[in-house]
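Enquirer: Got a structure for you, questions after.
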Amino acid sequence: MPGGNKEAWPHLKPIFQAIAAKAPDGAACCDWVGEGGAGHFVKMVHNGIEYGDMQLISEVYHVFRNGVGLTNDEQGDIFAQWNKGVLDSFLIEISTDILRYKDTDGEPLLEKIRDAAGQKGTGKWTAIAALDYGMPVTLIGEAVFARCLSSIKDERVRASKILAGPSNSTYTGDKAQLIKAFEQAMYASKIISYAQGFMLMRETSEQFKWNLNYGSIALMWRGGCIIRSAFLGDIKSAFDNNKDLESLLFDPFFQKATANAQAGWRNAISTATLIGIPVPALSTALSFYDGYRTARLPANMLQAQRDYFGAHTYELEATPGTYIHTNWTGRGGNVSASNYDV
Ligand code: 3PG
């Protein structure tokens, strides 16, 4: 994902593209990304998305293991099956291998690994950038916080002995149906995560005049990197159809894909919630989807509260761009706070 001076690219291109990984159609997974620090930024977002994909897989494993009682081998078979469909990806492939891997005593090695995640920081940087540029990249944020929660292992062990969960922590319904629901939930959540990642890149590209080529980014990510997947071909097609696509969710293919997945998605998350298994990435994706498709959110209440306690002003629906203050109590006066926007 090289960025920097465009004039340098023709000199470097033959070398970089010769050594780059190749997509299944032979295309080199390396292209000039944009001016300045665009290359580093795009690689950082790639890693943030990687954190999200890994967390989604881990949540499904958690529900299948603790809530449904599936063995590691049974889960490996499910993942292997998923790897032939819309979830076909490097991370599903290696997770299948991990689930099936046996230690020298014949037991799954995975179950002996301490559940405290490390991180070198690129997911955290993506989440920080999302906050800095005001983009709701919620799934990567949750994935980073899930790692933080996992790493306070000793505290969690103490909490596990005193905090109550639901009376029923086992799923007793139709297993095949729930497995299908989780496949849909993971697929829809991935769509949201990538849509959020592209929102962040779009915002920074506009601010820094990087002129990012989103289709070529999707193409680069199709091979040779940790988030490589079949699904990136569909993202590439979406940007081929409309290079100025405002959001992946506006693309007809992804609109239909989320609509088709949403029944299973909702079912998966509500089931996990009822049996007390945390699914922060899966559920934040659904909350984002529901928020994004809501024309009127409750931020009017929030604006009124800010104006009530801090005279921070608000806009009326009828006159956007004009900020006014109300003396809500009759005791606050008409002086409003100065305007600033982070
Ligand atoms: C990677 O290997 O892709 C990145 O360095 C991510 O590593 P991390 O999970 O330790 O942040």
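FYI, nothing fancy with the structure tokens labels: chains A, B, ... in order, residues from 1 per chain, ligands from 1 as they appear.
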As an mmCIF file with N, CA, C and O atoms, in the first residue's frame, please: every protein or nucleic acid residue near ligand 1 (cut-off 7 Å, counting only C-alpha atoms and all ligand atoms).
Expert:
```
data_model
loop_
_atom_site.group_PDB
_atom_site.id
_atom_site.type_symbol
_atom_site.label_atom_id
_atom_site.label_comp_id
_atom_site.auth_asym_id
_atom_site.auth_seq_id
_atom_site.Cartn_x
_atom_site.Cartn_y
_atom_site.Cartn_z
ATOM 1 N N ASN A 47 -5.319 -2.752 9.014
ATOM 2 C CA ASN A 47 -5.076 -3.476 10.273
ATOM 3 C C ASN A 47 -6.252 -3.330 11.234
ATOM 4 O O ASN A 47 -6.589 -4.278 11.950
ATOM 5 N N TYR A 51 -8.485 -6.283 12.953
ATOM 6 C CA TYR A 51 -8.897 -6.439 14.353
ATOM 7 C C TYR A 51 -10.396 -6.783 14.413
ATOM 8 O O TYR A 51 -10.831 -7.627 15.197
ATOM 9 N N GLY A 118 -3.079 -9.572 23.154
ATOM 10 C CA GLY A 118 -2.078 -8.515 23.016
ATOM 11 C C GLY A 118 -2.456 -7.605 21.862
ATOM 12 O O GLY A 118 -3.445 -7.841 21.162
ATOM 13 N N GLN A 119 -1.701 -6.564 21.674
ATOM 14 C CA GLN A 119 -1.889 -5.706 20.507
ATOM 15 C C GLN A 119 -0.667 -4.816 20.348
ATOM 16 O O GLN A 119 -0.125 -4.321 21.324
ATOM 17 N N LYS A 120 -0.314 -4.613 19.065
ATOM 18 C CA LYS A 120 0.820 -3.709 18.816
ATOM 19 C C LYS A 120 0.329 -2.291 18.600
ATOM 20 O O LYS A 120 1.119 -1.360 18.634
ATOM 21 N N GLY A 121 -0.957 -2.117 18.328
ATOM 22 C CA GLY A 121 -1.478 -0.751 18.346
ATOM 23 C C GLY A 121 -2.137 -0.209 17.095
ATOM 24 O O GLY A 121 -2.743 0.852 17.135
ATOM 25 N N THR A 122 -2.057 -0.914 15.966
ATOM 26 C CA THR A 122 -2.612 -0.315 14.746
ATOM 27 C C THR A 122 -4.139 -0.202 14.788
ATOM 28 O O THR A 122 -4.705 0.731 14.223
ATOM 29 N N GLY A 123 -4.786 -1.163 15.471
ATOM 30 C CA GLY A 123 -6.246 -1.062 15.624
ATOM 31 C C GLY A 123 -6.600 0.127 16.501
ATOM 32 O O GLY A 123 -7.546 0.870 16.223
ATOM 33 N N ILE A 226 -3.746 -9.990 5.480
ATOM 34 C CA ILE A 226 -4.486 -10.769 6.466
ATOM 35 C C ILE A 226 -5.996 -10.697 6.250
ATOM 36 O O ILE A 226 -6.712 -11.644 6.535
#
```
Enquirer: DSSP on the backbone, strand (DSSP E or B) only: what residues of region 17-170 of chain A does that give? Format it as a list in words.
Expert: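 So the strand (DSSP E or B) residues in region 17-170 of chain A would be Lys22, Ala28, Ser89, Lys102 and Pro108 of chain A.
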Enquirer: For Lys180 (chain A), which of A:Met220, A:Ile162, A:Val60, A:Ile92 is the closest residue, counting only C-alpha atoms?
Expert: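 With only C-alpha atoms as the atom set, the closest residue is A:Val60.
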Enquirer: As a PyMOL selection string, please: the residues near Glu35 (chain A) (cut-off 12 Å, only C-alpha atoms, same-chain neighbours under 4 positions excluded).
Expert: chain A and resi 1-9+39-42+204-206+208-213
Enquirer: Near His325 (chain A), within 8 Å and counting only C-alpha atoms, which residues show up once chain neighbours fewer than 6 positions away are dropped, as a list in words?
Expert: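 Neighbouring residues, sequence-local ones excluded: Asp307, Ala311, His312, Thr313, Tyr314, Asn334, Val335 and Ser336 of chain A.
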Enquirer: Any idea what's packed within 12 Å of Thr258 (chain A), counting only C-alpha atoms, ignoring anything in its chain fewer than 2 positions away? Could you give it as a ChimeraX atom specification?
Expert: /A:184-192,195,248-256,260-266,285-286,289-290,293
